[in-house]
Amino acid sequence: MLDPGDDLTLRVDGDGIVRLTWRSALRIDSALAERAMSLVDDLNGTTERPLLVDMTGTAQLTREARMVFGRRCSASRIALVGRSEVDRVIANFFLSVGRVPVPTRFFTSESAAIDWLGGPGAD
Amino acid sequence: MPTEDDRDERLARLVDHVVELASGNLAARLAPSAASDRIDAVVVGINMLAEELEWLSHDLGARVAERTRQLELAHRQLERLALYDPLTGLANRTLLADRIARAVTRAERGATPPAVLLLDLDGFKSVNDSYGHAAGDRLLVEMAQRLRAVVRDEDTVARLGGDEFAVVLCHATDDQALEVADRIMAALTKPVTVGDATCWVRASIGVRLADRGQPPDTLLRDADTAMYAAKASGGGGVQLYRPAMHTAVLSRVRVAEELRTALADAQLALHYQPIVDLGTGRPVGAEALVRWQHPIRGLLGPQEFIAVAEDAGLMVELGRWVLETAIAQLARWRTRGAVAADFTMHVNVSPLEFRSPRFAATVLGCLARHGVAASDVLLEVTESHLMGEDPQTLHAMESLRAAGVGLAIDDFGTGYSSIGYLRRLVVDTVKIDRSLVTGLDADPQQQRITAAILGVVAAFGLTCVAEGVETLADAERIAALGCPYGQGSRWGDPEPAEVIEGRWSARLT
């Protein structure tokens, strides 16, 4: 199993949601993106689980990283959680300009995100 | 907490950044502050948009470059197709003409003039007929390679189609041109292996040395004329163009025209030469030979016009006339009781006629119309003309034999027949060439050879007629060797029907 290192933390919570939290002020490039995807797949194994990504304070998401995140992985749905306007711009670039493989939305409220991940319409 | 002044300054920097991007520097980036406020959101958004634009621009550039590369490749391929022969990779007629024109232009400016060589392969048709077109193609490719190896890099080798090639020596003295022609001859006469067969071809080469001031198409035409002359003198040689040759070609065209008229105006006639039983001297047949009563040049023999007839596509028509006339004559002789029951009429047939559609049906139709039996007629084909195993010819021969028409190989002993080849043919008679018949008395070696050939013919169960028998001694010798029939001046030259009929009547009374 890959070592998450300092850049992110990863766990499955009590509701079966995978929680991925990025370190603040991070420049997420394709290498980091690949590592994150592999970690999530290793964690999930053959199960698909909803994924909550805390991307608060991310400094930059490169184009190559967006391409990587556009690939199908073991996440059934993805909620991106951020707080600032910068977070909103970055998240929407990912949602609109790239291709998203599964239902993905941006939230500024974690509880709203959790509701959406587990609510009706979720697998 | 960012102050008003901070915000103004940051906005000013943002404006500068947008200007920078607009100037074309899509790699420029502006760092956001730690505040992560709206201005930072704009900064980050602009950074991401610039990144996207940069990528798109790069991607577009790469696609355009690739498309340009593909277009250039396609253009080169089209050019190749337009200027080069697809089978051999040699230049085609278009490129050849261009190269000649350039060389002529250079010569006009003072350079040594070019020379044009035109050649075609004698015997190529036999290879195609015997081994198939794939083998013929391989032969052409091999010939092309040999030609290229003989000339300099700056010279051009072209294929004009079929088995015809041309070489342009972009600058050459007379000696150089002839030397190249000789080297080409040497290179081409080496045998070619095609599959598991070995073939030999020869080339007839026409050479046109350029003088300054000659238009390019004249050079090619004259080289062609010279090549034609090389073919006419037996093939397998080099001929240098001379202006007199041009006249000869024109004269061939004239002869062809006159021949067309001759066919229409009944200027042609058949003369007959008897074939006799060597034991009894009794006439057993006659060979019909065509003559042309030319209004100006007098009586012409076949050697004066048959070649022209073949080239001008008149052979089938001429052949049909000969067949019709000879069979009609035989019918008249039969009606008048002028000939014996076993008498056969020999008619020469060109290979072109055998290859013409429905030849067998034409012959049988003609026989039926005149009420002549199939076995009363024998068709003669020259040995050397039968070299290929053209399926159409073989089929026609088989049909005719099946109907009872006789078939003979003429001038036997002059060609390259193998025994296996004889076995496959459907002839029943062999006419021994005069070269095997004359002077038998004096030459014991010749006797042995002729005897051996007669033995082979007999072994195949074929009948034999000795041609060109001139003296009594010849006749006795060949009869002693077992040949049953003879033809030649010993018993009369070819003569009109009434004359020969007169002789026969005189003989009987």
# chains A, B, ... in the order shown; residues from 1 in each chain; ligands from 1

$ interface_residues --of "chain B" --to "chain A" --cutoff "7 Å" --atoms "only C-alpha atoms" --output "list in words"
Ser36, Asp37, Arg38, Asp40, Ala41, Val44 and Gly45 of chain B

$ write_last_selection --atoms "all heavy atoms" --output "compact mmCIF listing (two decimals), in the first residue's frame"
# COMPACT_ATOMS: atom_id res chain seq x y z
N SER B 36 -6.74 34.00 -0.32
CA SER B 36 -7.72 33.16 -1.01
C SER B 36 -9.06 33.86 -1.17
O SER B 36 -10.12 33.26 -1.06
CB SER B 36 -7.94 31.83 -0.26
OG SER B 36 -6.82 31.02 -0.41
N ASP B 37 -9.01 35.18 -1.45
CA ASP B 37 -10.25 35.93 -1.61
C ASP B 37 -10.65 35.96 -3.09
O ASP B 37 -10.09 35.24 -3.90
CB ASP B 37 -10.10 37.32 -1.02
CG ASP B 37 -8.96 38.09 -1.69
OD1 ASP B 37 -8.45 37.60 -2.72
OD2 ASP B 37 -8.58 39.16 -1.18
N ARG B 38 -11.59 36.89 -3.39
CA ARG B 38 -12.12 36.91 -4.76
C ARG B 38 -11.07 37.28 -5.80
O ARG B 38 -11.06 36.75 -6.89
CB ARG B 38 -13.28 37.92 -4.85
CG ARG B 38 -14.54 37.42 -4.24
CD ARG B 38 -15.75 38.03 -4.92
NE ARG B 38 -16.93 37.35 -4.43
CZ ARG B 38 -17.81 37.87 -3.57
NH1 ARG B 38 -17.68 39.12 -3.15
NH2 ARG B 38 -18.83 37.16 -3.14
N ASP B 40 -7.97 36.60 -5.56
CA ASP B 40 -7.18 35.38 -5.75
C ASP B 40 -7.94 34.39 -6.63
O ASP B 40 -7.34 33.67 -7.43
CB ASP B 40 -6.88 34.71 -4.40
CG ASP B 40 -5.88 35.53 -3.59
OD1 ASP B 40 -4.91 36.01 -4.19
OD2 ASP B 40 -6.10 35.67 -2.37
N ALA B 41 -9.26 34.35 -6.45
CA ALA B 41 -10.05 33.44 -7.29
C ALA B 41 -9.91 33.83 -8.76
O ALA B 41 -9.76 32.98 -9.65
CB ALA B 41 -11.53 33.49 -6.87
N VAL B 44 -6.36 32.86 -9.91
CA VAL B 44 -6.25 31.41 -10.14
C VAL B 44 -7.02 31.01 -11.40
O VAL B 44 -6.53 30.22 -12.23
CB VAL B 44 -6.79 30.62 -8.91
CG1 VAL B 44 -7.02 29.16 -9.26
CG2 VAL B 44 -5.82 30.74 -7.74
N GLY B 45 -8.22 31.62 -11.56
CA GLY B 45 -9.01 31.31 -12.76
C GLY B 45 -8.27 31.71 -14.03
O GLY B 45 -8.23 30.95 -15.01

$ residues_around --residues "region 241-250 of chain B" --least-positions-apart "5" --cutoff "12 Å" --atoms "only C-alpha atoms" --output "PyMOL selection string"
chain B and resi 115-118+174+178+205-210+218-230+232+255-257+308+311

$ write_last_selection --atoms "N, CA, C and O atoms" --output "short mmCIF file (atom, residue, chain, number, x, y, z; two decimals), in the first residue's frame"
data_model
loop_
_atom_site.label_atom_id
_atom_site.label_comp_id
_atom_site.auth_asym_id
_atom_site.auth_seq_id
_atom_site.Cartn_x
_atom_site.Cartn_y
_atom_site.Cartn_z
N ALA B 115 21.73 11.82 -75.82
CA ALA B 115 21.44 10.73 -76.74
C ALA B 115 20.24 9.98 -76.19
O ALA B 115 20.08 9.87 -74.98
N VAL B 116 19.39 9.51 -77.08
CA VAL B 116 18.20 8.76 -76.65
C VAL B 116 18.30 7.35 -77.19
O VAL B 116 18.55 7.15 -78.38
N LEU B 117 18.13 6.38 -76.31
CA LEU B 117 18.12 4.98 -76.73
C LEU B 117 16.73 4.43 -76.45
O LEU B 117 16.18 4.64 -75.39
N LEU B 118 16.20 3.71 -77.43
CA LEU B 118 14.91 3.09 -77.25
C LEU B 118 15.11 1.60 -77.45
O LEU B 118 15.78 1.19 -78.40
N ASP B 174 29.00 10.50 -79.43
CA ASP B 174 28.56 9.35 -80.23
C ASP B 174 29.14 8.06 -79.66
O ASP B 174 28.43 7.07 -79.49
N LEU B 178 27.08 4.76 -78.04
CA LEU B 178 27.16 3.40 -78.58
C LEU B 178 27.73 2.43 -77.55
O LEU B 178 27.35 1.26 -77.48
N ILE B 205 17.76 -2.39 -80.03
CA ILE B 205 18.03 -1.04 -79.52
C ILE B 205 18.19 -0.04 -80.66
O ILE B 205 18.96 -0.27 -81.59
N GLY B 206 17.46 1.04 -80.57
CA GLY B 206 17.62 2.14 -81.52
C GLY B 206 18.31 3.29 -80.81
O GLY B 206 17.95 3.63 -79.69
N VAL B 207 19.29 3.88 -81.44
CA VAL B 207 20.05 4.98 -80.82
C VAL B 207 19.90 6.24 -81.66
O VAL B 207 20.12 6.22 -82.87
N ARG B 208 19.52 7.31 -81.01
CA ARG B 208 19.43 8.60 -81.69
C ARG B 208 20.38 9.56 -81.00
O ARG B 208 20.20 9.91 -79.84
N LEU B 209 21.42 9.93 -81.73
CA LEU B 209 22.35 10.90 -81.18
C LEU B 209 21.80 12.28 -81.49
O LEU B 209 21.39 12.54 -82.62
N ALA B 210 21.77 13.13 -80.50
CA ALA B 210 21.16 14.43 -80.73
C ALA B 210 22.12 15.39 -81.40
O ALA B 210 23.31 15.40 -81.10
N THR B 218 11.16 14.65 -81.59
CA THR B 218 11.83 14.11 -82.77
C THR B 218 12.85 13.06 -82.34
O THR B 218 12.97 12.01 -82.98
N LEU B 219 13.58 13.35 -81.27
CA LEU B 219 14.62 12.41 -80.80
C LEU B 219 14.01 11.08 -80.46
O LEU B 219 14.54 10.02 -80.82
N LEU B 220 12.88 11.11 -79.74
CA LEU B 220 12.25 9.87 -79.33
C LEU B 220 11.70 9.12 -80.54
O LEU B 220 11.86 7.91 -80.67
N ARG B 221 11.11 9.85 -81.44
CA ARG B 221 10.53 9.23 -82.62
C ARG B 221 11.61 8.59 -83.48
O ARG B 221 11.46 7.49 -83.98
N ASP B 222 12.72 9.29 -83.63
CA ASP B 222 13.81 8.75 -84.44
C ASP B 222 14.45 7.54 -83.78
O ASP B 222 14.85 6.58 -84.46
N ALA B 223 14.58 7.58 -82.46
CA ALA B 223 15.12 6.42 -81.76
C ALA B 223 14.19 5.22 -81.98
O ALA B 223 14.64 4.09 -82.15
N ASP B 224 12.90 5.50 -81.99
CA ASP B 224 11.91 4.45 -82.23
C ASP B 224 12.06 3.88 -83.65
O ASP B 224 12.01 2.67 -83.84
N THR B 225 12.25 4.76 -84.60
CA THR B 225 12.46 4.33 -85.99
C THR B 225 13.69 3.44 -86.08
O THR B 225 13.68 2.39 -86.74
N ALA B 226 14.76 3.84 -85.40
CA ALA B 226 16.00 3.05 -85.43
C ALA B 226 15.77 1.70 -84.77
O ALA B 226 16.28 0.67 -85.25
N MET B 227 15.01 1.69 -83.70
CA MET B 227 14.73 0.43 -83.02
C MET B 227 13.94 -0.50 -83.93
O MET B 227 14.17 -1.70 -83.98
N TYR B 228 13.00 0.08 -84.62
CA TYR B 228 12.20 -0.68 -85.57
C TYR B 228 13.08 -1.32 -86.63
O TYR B 228 12.90 -2.49 -87.00
N ALA B 229 14.05 -0.54 -87.08
CA ALA B 229 15.00 -1.06 -88.09
C ALA B 229 15.81 -2.21 -87.49
O ALA B 229 16.07 -3.21 -88.15
N ALA B 230 16.18 -2.08 -86.22
CA ALA B 230 16.93 -3.15 -85.57
C ALA B 230 16.09 -4.42 -85.49
O ALA B 230 16.58 -5.53 -85.72
N ALA B 232 13.61 -5.18 -87.50
CA ALA B 232 13.36 -5.67 -88.86
C ALA B 232 14.54 -6.46 -89.39
O ALA B 232 14.38 -7.38 -90.19
N VAL B 255 2.89 1.19 -97.98
CA VAL B 255 2.63 -0.20 -98.40
C VAL B 255 1.37 -0.72 -97.72
O VAL B 255 0.54 -1.38 -98.36
N ALA B 256 1.23 -0.41 -96.43
CA ALA B 256 0.04 -0.87 -95.72
C ALA B 256 -1.23 -0.31 -96.37
O ALA B 256 -2.21 -1.04 -96.55
N GLU B 257 -1.20 0.92 -96.74
CA GLU B 257 -2.36 1.53 -97.40
C GLU B 257 -2.65 0.84 -98.72
O GLU B 257 -3.80 0.54 -99.05
N VAL B 308 4.52 -6.25 -93.22
CA VAL B 308 3.72 -5.02 -93.16
C VAL B 308 2.28 -5.36 -92.81
O VAL B 308 1.65 -4.69 -91.99
N ASP B 311 2.00 -6.05 -89.06
CA ASP B 311 2.08 -4.83 -88.25
C ASP B 311 0.85 -3.96 -88.41
O ASP B 311 0.44 -3.28 -87.48
#

$ residues_around --residues "region 16-22 of chain A" --least-positions-apart "3" --cutoff "10 Å" --atoms "only C-alpha atoms" --output "number ranges by chain"
A: 6-13, 25-26, 28, 36, 39-40, 43-44, 48-58, 75, 77-81, 114, 117-118

$ residues_around --residues "Phe359 (chain B)" --least-positions-apart "3" --cutoff "12 Å" --atoms "only C-alpha atoms" --output "ChimeraX atom specification"
/B:316-317,319-320,323,349-356,362-366,379,392-400

$ residues_around --residues "Leu95 (chain A)" --least-positions-apart "3" --cutoff "10 Å" --atoms "only C-alpha atoms" --output "VMD selection string"
chain A and resid 66 70 80 89 to 92 98 to 100 103 to 106

$ atom_distance --atom1 "CA of Ala480 (chain B)" --atom2 "CA of Ala452 (chain B)"
13.1 Å

$ atom_distance --atom1 "CA of Val192 (chain B)" --atom2 "CA of Met143 (chain B)"
8.6 Å

$ select_by_dssp --residues "region 60-184 of chain B" --states "alpha helix (DSSP H)" --output "count of residues only"
77

$ atom_distance --atom1 "CA of Ala33 (chain A)" --atom2 "CA of Phe69 (chain A)"
6.7 Å

$ residues_around --residues "Arg434 (chain B)" --least-positions-apart "6" --cutoff "8 Å" --atoms "only C-alpha atoms" --output "ChimeraX atom specification"
/B:411,466-469

$ select_by_dssp --residues "region 1-111 of chain A" --states "strand (DSSP E or B)" --output "compact mmCIF listing (two decimals) with all heavy atoms, in the first residue's frame"
# COMPACT_ATOMS: atom_id res chain seq x y z
N LEU A 8 -1.50 14.19 1.66
CA LEU A 8 -2.93 13.93 1.82
C LEU A 8 -3.16 12.89 2.92
O LEU A 8 -2.25 12.14 3.28
CB LEU A 8 -3.55 13.44 0.51
CG LEU A 8 -3.02 12.10 -0.02
CD1 LEU A 8 -3.99 10.96 0.23
CD2 LEU A 8 -2.74 12.22 -1.51
N THR A 9 -4.40 12.90 3.43
CA THR A 9 -4.77 11.82 4.33
C THR A 9 -5.98 11.10 3.75
O THR A 9 -6.75 11.68 3.00
CB THR A 9 -5.18 12.37 5.73
OG1 THR A 9 -6.32 13.22 5.57
CG2 THR A 9 -4.04 13.13 6.37
N LEU A 10 -6.10 9.82 4.10
CA LEU A 10 -7.13 9.00 3.48
C LEU A 10 -7.70 8.01 4.51
O LEU A 10 -6.93 7.37 5.22
CB LEU A 10 -6.50 8.21 2.32
CG LEU A 10 -7.43 7.52 1.32
CD1 LEU A 10 -8.28 8.55 0.59
CD2 LEU A 10 -6.60 6.74 0.32
N ARG A 11 -9.06 7.97 4.64
CA ARG A 11 -9.67 6.98 5.52
C ARG A 11 -11.09 6.71 5.05
O ARG A 11 -11.65 7.49 4.28
CB ARG A 11 -9.67 7.50 6.96
CG ARG A 11 -10.53 8.72 7.16
CD ARG A 11 -10.49 9.27 8.57
NE ARG A 11 -11.29 10.50 8.65
CZ ARG A 11 -12.60 10.53 9.00
NH1 ARG A 11 -13.21 9.42 9.34
NH2 ARG A 11 -13.26 11.68 9.01
N VAL A 12 -11.66 5.64 5.53
CA VAL A 12 -13.08 5.36 5.30
C VAL A 12 -13.82 5.66 6.58
O VAL A 12 -13.45 5.16 7.65
CB VAL A 12 -13.33 3.87 4.92
CG1 VAL A 12 -14.79 3.62 4.60
CG2 VAL A 12 -12.46 3.47 3.74
N VAL A 18 -15.38 7.42 1.68
CA VAL A 18 -13.92 7.60 1.68
C VAL A 18 -13.63 9.10 1.82
O VAL A 18 -14.19 9.92 1.10
CB VAL A 18 -13.30 7.08 0.36
CG1 VAL A 18 -11.80 7.34 0.32
CG2 VAL A 18 -13.58 5.59 0.18
N ARG A 19 -12.80 9.45 2.86
CA ARG A 19 -12.45 10.84 3.10
C ARG A 19 -11.03 11.09 2.66
O ARG A 19 -10.09 10.56 3.26
CB ARG A 19 -12.57 11.15 4.59
CG ARG A 19 -13.91 10.89 5.20
CD ARG A 19 -14.95 11.90 4.76
NE ARG A 19 -16.10 11.88 5.64
CZ ARG A 19 -16.50 12.91 6.39
NH1 ARG A 19 -15.83 14.04 6.37
NH2 ARG A 19 -17.54 12.80 7.18
N LEU A 20 -10.86 11.92 1.60
CA LEU A 20 -9.52 12.30 1.14
C LEU A 20 -9.35 13.78 1.43
O LEU A 20 -10.13 14.61 0.97
CB LEU A 20 -9.40 12.02 -0.37
CG LEU A 20 -8.01 12.16 -1.01
CD1 LEU A 20 -7.93 11.38 -2.32
CD2 LEU A 20 -7.61 13.58 -1.26
N THR A 21 -8.31 14.11 2.23
CA THR A 21 -8.07 15.52 2.57
C THR A 21 -6.70 15.92 2.06
O THR A 21 -5.68 15.33 2.42
CB THR A 21 -8.14 15.72 4.10
OG1 THR A 21 -9.41 15.22 4.57
CG2 THR A 21 -8.01 17.20 4.45
N TRP A 22 -6.70 16.92 1.19
CA TRP A 22 -5.41 17.44 0.68
C TRP A 22 -4.81 18.42 1.68
O TRP A 22 -5.52 19.18 2.33
CB TRP A 22 -5.61 18.17 -0.63
CG TRP A 22 -5.93 17.27 -1.80
CD1 TRP A 22 -7.15 17.11 -2.37
CD2 TRP A 22 -5.03 16.43 -2.50
NE1 TRP A 22 -7.07 16.21 -3.41
CE2 TRP A 22 -5.76 15.77 -3.51
CE3 TRP A 22 -3.65 16.15 -2.39
CZ2 TRP A 22 -5.19 14.86 -4.39
CZ3 TRP A 22 -3.08 15.24 -3.28
CH2 TRP A 22 -3.85 14.60 -4.27
N ARG A 27 0.26 22.38 -4.59
CA ARG A 27 0.16 22.40 -6.05
C ARG A 27 -0.01 20.94 -6.47
O ARG A 27 0.91 20.12 -6.34
CB ARG A 27 1.42 22.99 -6.66
CG ARG A 27 1.44 22.96 -8.19
CD ARG A 27 2.72 23.62 -8.73
NE ARG A 27 2.78 23.50 -10.18
CZ ARG A 27 3.26 22.48 -10.87
NH1 ARG A 27 3.75 21.43 -10.23
NH2 ARG A 27 3.24 22.46 -12.20
N ILE A 28 -1.23 20.61 -6.90
CA ILE A 28 -1.51 19.22 -7.27
C ILE A 28 -1.16 19.01 -8.74
O ILE A 28 -1.81 19.56 -9.64
CB ILE A 28 -2.99 18.87 -7.01
CG1 ILE A 28 -3.35 19.12 -5.55
CG2 ILE A 28 -3.26 17.42 -7.39
CD1 ILE A 28 -4.81 18.89 -5.22
N ARG A 49 -17.02 3.06 -3.61
CA ARG A 49 -17.52 3.82 -2.47
C ARG A 49 -17.63 5.29 -2.87
O ARG A 49 -16.88 5.77 -3.71
CB ARG A 49 -16.56 3.74 -1.28
CG ARG A 49 -16.49 2.38 -0.62
CD ARG A 49 -15.82 2.52 0.75
NE ARG A 49 -15.73 1.23 1.43
CZ ARG A 49 -14.66 0.45 1.42
NH1 ARG A 49 -13.58 0.80 0.76
NH2 ARG A 49 -14.69 -0.70 2.07
N PRO A 50 -18.54 6.03 -2.22
CA PRO A 50 -18.55 7.47 -2.46
C PRO A 50 -17.29 8.11 -1.87
O PRO A 50 -16.74 7.63 -0.89
CB PRO A 50 -19.81 7.96 -1.72
CG PRO A 50 -20.23 6.85 -0.84
CD PRO A 50 -19.60 5.60 -1.29
N LEU A 51 -16.88 9.22 -2.52
CA LEU A 51 -15.62 9.86 -2.16
C LEU A 51 -15.86 11.33 -1.82
O LEU A 51 -16.50 12.05 -2.60
CB LEU A 51 -14.64 9.74 -3.32
CG LEU A 51 -13.29 10.48 -3.23
CD1 LEU A 51 -12.44 9.92 -2.10
CD2 LEU A 51 -12.53 10.35 -4.54
N LEU A 52 -15.36 11.77 -0.67
CA LEU A 52 -15.43 13.17 -0.30
C LEU A 52 -14.00 13.69 -0.31
O LEU A 52 -13.15 13.22 0.44
CB LEU A 52 -16.06 13.34 1.09
CG LEU A 52 -16.45 14.76 1.48
CD1 LEU A 52 -17.66 14.77 2.40
CD2 LEU A 52 -15.29 15.49 2.16
N VAL A 53 -13.77 14.71 -1.17
CA VAL A 53 -12.43 15.28 -1.28
C VAL A 53 -12.45 16.67 -0.65
O VAL A 53 -13.17 17.56 -1.13
CB VAL A 53 -11.98 15.39 -2.75
CG1 VAL A 53 -10.59 15.99 -2.85
CG2 VAL A 53 -12.00 14.01 -3.43
N ASP A 54 -11.64 16.86 0.40
CA ASP A 54 -11.50 18.18 1.01
C ASP A 54 -10.32 18.86 0.31
O ASP A 54 -9.18 18.48 0.51
CB ASP A 54 -11.27 18.04 2.51
CG ASP A 54 -11.28 19.40 3.20
OD1 ASP A 54 -11.14 20.44 2.50
OD2 ASP A 54 -11.42 19.43 4.44
N GLN A 60 -3.02 25.14 -6.55
CA GLN A 60 -3.07 24.96 -8.01
C GLN A 60 -3.41 23.53 -8.36
O GLN A 60 -3.00 22.58 -7.67
CB GLN A 60 -1.71 25.33 -8.60
CG GLN A 60 -1.70 25.38 -10.13
CD GLN A 60 -0.31 25.67 -10.70
OE1 GLN A 60 0.61 26.04 -9.97
NE2 GLN A 60 -0.18 25.51 -12.01
N LEU A 61 -4.22 23.39 -9.41
CA LEU A 61 -4.51 22.06 -9.96
C LEU A 61 -4.08 22.11 -11.43
O LEU A 61 -4.67 22.82 -12.24
CB LEU A 61 -6.02 21.77 -9.84
CG LEU A 61 -6.49 20.45 -10.43
CD1 LEU A 61 -5.93 19.27 -9.66
CD2 LEU A 61 -8.02 20.38 -10.42
N ALA A 75 -14.35 5.26 -7.19
CA ALA A 75 -15.31 6.16 -6.54
C ALA A 75 -16.61 6.11 -7.29
O ALA A 75 -16.64 6.22 -8.51
CB ALA A 75 -14.75 7.59 -6.53
N SER A 76 -17.73 5.92 -6.57
CA SER A 76 -19.04 5.85 -7.20
C SER A 76 -19.60 7.24 -7.45
O SER A 76 -20.32 7.48 -8.41
CB SER A 76 -20.00 5.03 -6.34
OG SER A 76 -20.04 5.59 -5.03
N ARG A 77 -19.33 8.16 -6.52
CA ARG A 77 -19.68 9.56 -6.67
C ARG A 77 -18.61 10.35 -6.00
O ARG A 77 -17.98 9.86 -5.08
CB ARG A 77 -20.95 9.94 -5.90
CG ARG A 77 -22.16 9.21 -6.16
CD ARG A 77 -23.29 9.88 -5.39
NE ARG A 77 -24.40 9.92 -6.34
CZ ARG A 77 -25.42 10.75 -6.30
NH1 ARG A 77 -25.49 11.64 -5.36
NH2 ARG A 77 -26.35 10.69 -7.21
N ILE A 78 -18.44 11.61 -6.39
CA ILE A 78 -17.39 12.43 -5.77
C ILE A 78 -17.95 13.78 -5.36
O ILE A 78 -18.60 14.47 -6.15
CB ILE A 78 -16.22 12.65 -6.76
CG1 ILE A 78 -15.65 11.29 -7.23
CG2 ILE A 78 -15.13 13.51 -6.12
CD1 ILE A 78 -14.62 11.40 -8.33
N ALA A 79 -17.74 14.15 -4.10
CA ALA A 79 -18.10 15.48 -3.62
C ALA A 79 -16.82 16.22 -3.33
O ALA A 79 -15.96 15.73 -2.60
CB ALA A 79 -18.95 15.37 -2.35
N LEU A 80 -16.68 17.40 -3.94
CA LEU A 80 -15.51 18.24 -3.67
C LEU A 80 -15.95 19.30 -2.64
O LEU A 80 -16.95 19.98 -2.84
CB LEU A 80 -15.05 18.93 -4.96
CG LEU A 80 -14.64 18.00 -6.11
CD1 LEU A 80 -14.40 18.79 -7.40
CD2 LEU A 80 -13.39 17.20 -5.76
N VAL A 81 -15.18 19.41 -1.57
CA VAL A 81 -15.53 20.38 -0.53
C VAL A 81 -14.46 21.45 -0.44
O VAL A 81 -13.27 21.14 -0.30
CB VAL A 81 -15.70 19.69 0.84
CG1 VAL A 81 -15.98 20.71 1.94
CG2 VAL A 81 -16.82 18.67 0.75
N THR A 104 -20.25 14.30 -9.98
CA THR A 104 -19.31 15.08 -9.16
C THR A 104 -19.90 16.46 -8.92
O THR A 104 -20.41 17.09 -9.86
CB THR A 104 -17.96 15.20 -9.88
OG1 THR A 104 -17.52 13.90 -10.30
CG2 THR A 104 -16.90 15.82 -8.99
N ARG A 105 -19.83 16.97 -7.66
CA ARG A 105 -20.33 18.31 -7.35
C ARG A 105 -19.40 18.98 -6.38
O ARG A 105 -18.68 18.32 -5.61
CB ARG A 105 -21.74 18.25 -6.76
CG ARG A 105 -22.83 18.26 -7.81
CD ARG A 105 -24.18 18.16 -7.21
NE ARG A 105 -24.52 19.39 -6.49
CZ ARG A 105 -25.75 19.62 -6.02
NH1 ARG A 105 -26.69 18.74 -6.15
NH2 ARG A 105 -25.99 20.73 -5.36
N PHE A 106 -19.48 20.32 -6.38
CA PHE A 106 -18.69 21.12 -5.44
C PHE A 106 -19.61 21.63 -4.32
O PHE A 106 -20.73 22.08 -4.58
CB PHE A 106 -18.03 22.30 -6.16
CG PHE A 106 -17.33 23.27 -5.25
CD1 PHE A 106 -16.10 22.94 -4.69
CD2 PHE A 106 -17.90 24.50 -4.94
CE1 PHE A 106 -15.45 23.84 -3.83
CE2 PHE A 106 -17.25 25.40 -4.09
CZ PHE A 106 -16.02 25.07 -3.52
N PHE A 107 -19.13 21.55 -3.10
CA PHE A 107 -19.89 22.05 -1.94
C PHE A 107 -19.01 22.93 -1.09
O PHE A 107 -17.81 22.71 -0.98
CB PHE A 107 -20.37 20.87 -1.09
CG PHE A 107 -21.30 19.93 -1.81
CD1 PHE A 107 -20.79 18.83 -2.49
CD2 PHE A 107 -22.68 20.15 -1.80
CE1 PHE A 107 -21.66 17.95 -3.14
CE2 PHE A 107 -23.54 19.27 -2.46
CZ PHE A 107 -23.02 18.17 -3.12

$ closest_residue --among "A:Trp116, A:Met67, A:Cys73, A:Gly82" --to "Val102 (chain A)" --atoms "only C-alpha atoms"
A:Cys73
